[in-house]
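One file, query_39.csv, is given below (CSV, C-alpha atoms).
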chain,number,residue,atom,x,y,z
A,1,MET,CA,33.3,8.2,29.5
A,2,PRO,CA,30.8,10.2,27.4
A,3,PHE,CA,28.3,8.2,25.4
A,4,GLY,CA,29.6,9.6,22.1
A,5,SER,CA,33.1,8.1,22.8
A,6,PHE,CA,31.6,4.6,22.5
A,7,LEU,CA,30.2,5.5,19.0
A,8,GLY,CA,33.5,6.7,17.6
A,9,CYS,CA,32.3,10.3,17.6
A,10,ASN,CA,35.3,11.5,19.5
A,11,MET,CA,37.8,9.4,17.5
A,12,PRO,CA,40.5,11.7,16.0
A,13,SER,CA,40.7,11.8,12.2
A,14,SER,CA,44.1,10.1,12.4
A,15,ASP,CA,42.3,7.0,13.8
A,16,GLN,CA,39.4,7.0,11.3
A,17,ASN,CA,41.4,5.0,8.6
A,18,ILE,CA,40.6,7.5,5.9
A,19,ASN,CA,41.9,6.3,2.6
A,20,LEU,CA,41.3,8.6,-0.4
A,21,ALA,CA,41.6,5.6,-2.7
A,22,ARG,CA,38.4,4.1,-1.3
A,23,TYR,CA,35.0,4.9,-2.6
A,24,GLN,CA,33.7,8.1,-1.1
A,25,LEU,CA,30.3,9.8,-0.7
A,26,ILE,CA,29.1,13.4,-0.7
A,27,PRO,CA,26.2,13.7,1.7
A,28,ARG,CA,23.0,15.3,0.4
A,29,VAL,CA,19.5,15.7,1.8
A,30,LEU,CA,16.2,15.5,0.0
A,31,VAL,CA,12.9,16.6,1.6
A,32,PHE,CA,9.4,15.7,0.5
A,33,ALA,CA,6.8,17.9,2.4
A,34,ILE,CA,3.5,16.1,2.3
A,35,ARG,CA,0.1,17.8,3.1
A,36,ASN,CA,-3.1,15.9,2.6
A,37,ASP,CA,-2.9,14.3,-0.9
A,38,ALA,CA,-0.2,16.6,-2.2
A,39,VAL,CA,3.6,17.0,-2.2
A,40,LEU,CA,5.7,20.1,-2.3
A,41,LEU,CA,8.1,20.1,-5.3
A,42,ILE,CA,10.3,22.8,-6.7
A,43,LYS,CA,10.4,23.7,-10.4
A,44,ILE,CA,14.1,24.0,-10.9
A,45,LEU,CA,15.4,27.3,-12.3
A,46,PRO,CA,18.6,27.8,-14.4
A,47,LYS,CA,21.6,27.8,-12.1
A,48,ASN,CA,23.6,31.1,-12.4
A,49,GLY,CA,21.8,31.8,-15.6
A,50,LYS,CA,22.8,28.4,-17.1
A,51,ILE,CA,20.3,25.8,-18.3
A,52,THR,CA,21.1,22.3,-16.9
A,53,GLY,CA,19.5,18.9,-17.6
A,54,TRP,CA,17.3,19.5,-14.5
A,55,THR,CA,16.1,23.0,-15.4
A,56,GLY,CA,12.3,23.1,-15.6
A,57,ARG,CA,12.0,19.7,-13.9
A,58,TYR,CA,10.4,19.2,-10.5
A,59,ASN,CA,12.3,17.8,-7.5
A,60,GLY,CA,12.0,18.0,-3.7
A,61,PRO,CA,13.9,20.7,-1.9
A,62,GLY,CA,17.3,19.6,-0.8
A,63,GLY,CA,21.0,20.0,-1.2
A,64,HIS,CA,24.5,19.5,0.3
A,65,VAL,CA,25.2,18.9,3.9
A,66,GLU,CA,27.6,21.6,5.1
A,67,ARG,CA,30.7,20.9,7.2
A,68,GLY,CA,29.8,20.5,10.8
A,69,GLU,CA,26.1,20.2,10.1
A,70,ASP,CA,24.0,17.1,11.0
A,71,LEU,CA,21.6,15.6,8.5
A,72,LEU,CA,18.4,16.8,10.2
A,73,SER,CA,19.7,20.3,10.5
A,74,ALA,CA,20.7,20.3,6.8
A,75,ALA,CA,17.2,19.0,5.8
A,76,ARG,CA,15.5,21.7,7.8
A,77,ARG,CA,17.8,24.4,6.4
A,78,GLU,CA,17.3,23.4,2.8
A,79,LEU,CA,13.5,23.1,3.2
A,80,LEU,CA,13.4,26.6,4.7
A,81,GLU,CA,15.9,28.2,2.3
A,82,GLU,CA,14.2,26.8,-0.8
A,83,THR,CA,10.6,27.0,0.1
A,84,GLY,CA,10.1,29.4,3.1
A,85,ILE,CA,8.4,26.6,5.1
A,86,SER,CA,9.2,24.3,8.0
A,87,GLY,CA,7.8,21.2,9.4
A,88,ASP,CA,8.3,18.1,11.4
A,89,LEU,CA,10.9,15.9,9.6
A,90,ASN,CA,11.7,12.3,9.8
A,91,LEU,CA,14.2,10.2,7.9
A,92,CYS,CA,12.5,7.9,5.5
A,93,GLY,CA,15.5,6.3,3.8
A,94,THR,CA,19.0,6.5,2.4
A,95,VAL,CA,20.1,5.9,-1.2
A,96,ILE,CA,23.6,5.5,-2.5
A,97,VAL,CA,23.8,7.2,-5.9
A,98,ASP,CA,26.5,5.5,-8.0
A,99,THR,CA,27.9,8.3,-10.2
A,100,ALA,CA,30.3,5.9,-12.0
A,101,LYS,CA,33.1,8.0,-10.6
A,102,PRO,CA,35.4,7.6,-7.5
A,103,VAL,CA,33.0,9.8,-5.5
A,104,GLY,CA,29.2,9.0,-5.2
A,105,ILE,CA,26.3,10.6,-3.5
A,106,GLY,CA,24.9,9.6,-0.1
A,107,LEU,CA,21.2,10.7,-0.3
A,108,PHE,CA,19.3,11.1,2.9
A,109,ILE,CA,15.5,11.3,2.2
A,110,PHE,CA,13.2,13.0,4.7
A,111,ARG,CA,9.4,13.5,4.9
A,112,ALA,CA,8.1,16.8,6.3
A,113,VAL,CA,4.6,17.0,7.9
A,114,ASN,CA,2.8,19.6,10.0
A,115,ILE,CA,3.9,22.3,7.6
A,116,SER,CA,4.1,25.9,8.6
A,117,GLY,CA,5.3,29.1,7.0
A,118,ILE,CA,4.6,31.0,3.8
A,119,LEU,CA,5.6,29.5,0.5
A,120,THR,CA,8.3,31.5,-1.2
A,121,SER,CA,10.5,31.0,-4.3
A,122,SER,CA,14.3,30.9,-4.1
A,123,PRO,CA,17.1,31.0,-6.6
A,124,GLU,CA,16.8,27.2,-6.6
A,125,GLY,CA,13.3,27.2,-7.9
A,126,ILE,CA,9.6,27.8,-7.6
A,127,PRO,CA,7.8,25.6,-5.0
A,128,GLU,CA,4.4,24.2,-5.9
A,129,TRP,CA,2.0,21.8,-4.1
A,130,ILE,CA,1.3,19.0,-6.6
A,131,ALA,CA,-1.5,16.5,-6.0
A,132,PHE,CA,-0.2,12.9,-6.1
A,133,GLU,CA,-2.9,12.0,-8.7
A,134,ARG,CA,-1.5,14.7,-11.1
A,135,MET,CA,2.2,14.0,-10.7
A,136,SER,CA,2.4,12.2,-14.0
A,137,GLU,CA,1.5,15.5,-15.7
A,138,TYR,CA,4.7,17.2,-14.5
A,139,PRO,CA,8.3,16.8,-15.7
A,140,LEU,CA,9.9,15.2,-12.7
A,141,VAL,CA,13.5,14.5,-11.9
A,142,GLU,CA,13.8,10.9,-12.8
A,143,ASP,CA,13.8,9.3,-9.3
A,144,VAL,CA,11.2,11.5,-7.6
A,145,ALA,CA,8.2,9.3,-8.4
A,146,ILE,CA,10.1,6.2,-7.3
A,147,PHE,CA,11.1,7.8,-3.9
A,148,LEU,CA,7.6,9.2,-3.3
A,149,GLU,CA,5.9,5.9,-4.0
A,150,LYS,CA,8.3,4.2,-1.5
A,151,ILE,CA,7.5,6.9,1.1
A,152,ARG,CA,3.8,6.7,0.6
A,153,GLN,CA,3.8,2.9,1.1
A,154,MET,CA,5.6,3.3,4.4
A,155,LYS,CA,3.7,2.8,7.7
A,156,PRO,CA,4.7,5.0,10.7
A,157,VAL,CA,6.4,2.1,12.4
A,158,ASP,CA,8.5,1.1,9.3
A,159,PRO,CA,12.3,1.6,9.6
A,160,PRO,CA,14.0,3.8,7.0
A,161,PHE,CA,14.5,2.1,3.7
A,162,SER,CA,17.9,1.6,2.1
A,163,GLY,CA,18.6,1.7,-1.6
A,164,CYS,CA,21.1,2.2,-4.5
A,165,SER,CA,20.6,4.0,-7.8
A,166,SER,CA,22.7,4.2,-10.9
A,167,TYR,CA,22.6,4.6,-14.7
A,168,ASP,CA,23.5,1.8,-17.0
A,169,GLU,CA,25.6,2.2,-20.2
A,170,ASN,CA,22.4,3.2,-22.1
A,171,GLY,CA,21.5,5.9,-19.6
A,172,GLN,CA,18.7,3.9,-18.0
A,173,LEU,CA,18.1,4.7,-14.3
A,174,THR,CA,18.0,1.7,-12.0
A,175,VAL,CA,16.9,2.1,-8.4
A,176,SER,CA,16.9,-0.9,-6.1
A,177,PHE,CA,15.8,-1.2,-2.4
A,178,GLU,CA,17.0,-3.6,0.2
Show me this structure written as structure tokens.
Amino acid sequence: MPFGSFLGCNMPSSDQNINLARYQLIPRVLVFAIRNDAVLLIKILPKNGKITGWTGRYNGPGGHVERGEDLLSAARRELLEETGISGDLNLCGTVIVDTAKPVGIGLFIFRAVNISGILTSSPEGIPEWIAFERMSEYPLVEDVAIFLEKIRQMKPVDPPFSGCSSYDENGQLTVSFE
């Protein structure tokens, strides 16, 4: 019997106990490329000419996981598409983003090192290396500094972290880690 069969990888969808009334997650990846004492962030451009709440803010490259794509491949693809670079990626952590709706976000956060390629802008935004000591001078997406602090505290032998994030009724972000 193939190894994947033991993990449920070959279990047909009819046996997966899928219930659309249960809480569901949309998988997304977020990549923080780190070089020396700087991180690569993207200044977010208007989406299809429309200004959003994130326009002009800085975030790590990332996005949705496509059907049939594994998380690492999605992270590599997003990093290359949005910045023109590649690197060695490792999973740093997962965060469940509670959207206060029946569907939330499963965020898989990667660190990229040993960077190669030529930095290029994309329709998503303009990539820029930002020194950690100057991050407070930039308008960041709200959870970026929290995730980067967690990643920078990690030792190479540490397992990936696990967390949850949500907004309270006053719009205040809460991020907690296990």
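Of the listed residues (A:Ser116, A:Asp143, A:Pro123, A:Val97), A:Val97 comes nearest to Gly163 (chain A); the distances count only C-alpha atoms.
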So which residues touch Gly106 (chain A) within 6 Å, counting all atoms listed in the file, skipping near sequence neighbours fewer than 6 positions away, as a short mmCIF file (atom, residue, chain, number, x, y, z; two decimals) with C-alpha atoms, in the frame of the given file?
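Result written to around_14.cif:
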data_model
loop_
_atom_site.label_atom_id
_atom_site.label_comp_id
_atom_site.auth_asym_id
_atom_site.auth_seq_id
_atom_site.Cartn_x
_atom_site.Cartn_y
_atom_site.Cartn_z
CA LEU A 25 30.30 9.80 -0.70
CA ILE A 26 29.10 13.40 -0.70
CA PRO A 27 26.20 13.70 1.70
CA ILE A 96 23.60 5.50 -2.50
#
Dig up all the protein and nucleic acid residues within 6 Å of (-0.1, 16.5, -3.6) in the file frame, using all atoms listed in the file, and format them as a ChimeraX atom specification.
/A:37-39,129-132
Dump as a PDB file, in the coordinates of the input, selection limited to C-alpha atoms:
ATOM      1  CA  ASP A  37      -2.900  14.300  -0.900  1.00  0.00           C
ATOM      2  CA  ALA A  38      -0.200  16.600  -2.200  1.00  0.00           C
ATOM      3  CA  VAL A  39       3.600  17.000  -2.200  1.00  0.00           C
ATOM      4  CA  TRP A 129       2.000  21.800  -4.100  1.00  0.00           C
ATOM      5  CA  ILE A 130       1.300  19.000  -6.600  1.00  0.00           C
ATOM      6  CA  ALA A 131      -1.500  16.500  -6.000  1.00  0.00           C
ATOM      7  CA  PHE A 132      -0.200  12.900  -6.100  1.00  0.00           C
TER       8      PHE A 132
END
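Candidate residues A:Asn59, A:Thr94, A:Asn36, A:Thr52 were compared for distance to Asn114 (chain A), and the nearest is A:Asn36, using only C-alpha atoms.
Non-sequential neighbours of region 74-78 of chain A (distance at most 6 Å, separation of 3 or more positions within a chain, only C-alpha atoms) are Val29, Gly62, Val65, Leu71, Glu81 and Glu82 of chain A.
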Which residues, written as number ranges by chain, have at least one atom at most 9 Å from Tyr58 (chain A), with all atoms listed in the file counted and residues fewer than 4 positions away on the same chain left out?
A: 41-44, 54, 125, 127, 138-141, 144
Between A:Gln16, A:Ser162, A:Gln24, A:Ser86, which one has atoms that come closest to Leu119 (chain A), using only C-alpha atoms?
A:Ser86
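Distance check against Ser176 (chain A) using all atoms listed in the file: of A:Phe147, A:Gly49, A:Cys164, A:Met135, the minimum falls on A:Cys164.
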Can you measure CA of Ile146 (chain A) to CA of Thr174 (chain A) for me? One decimal in Å is fine.
10.2 Å
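Here CA of Pro102 (chain A) and CA of Leu20 (chain A) stand 9.3 Å from one another.
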Of the candidates A:Asn17, A:Asn90, A:Asn48, A:Thr99, which shows the shortest atom-to-atom distance to Tyr167 (chain A), using all atoms listed in the file?
A:Thr99
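Atom pair CA of Val31 (chain A) / CA of His64 (chain A): separated by 12.0 Å.
Among the candidates A:Arg57, A:Lys150, A:Asp70, A:Val113, the one nearest to Glu137 (chain A) when counting all atoms listed in the file is A:Arg57.
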For a cut-off of 8 Å around (18.3, 10.3, 1.6), file coordinates, pick out all residues using only C-alpha atoms and list them as a PyMOL selection string.
chain A and resi 28-30+91-95+106-110
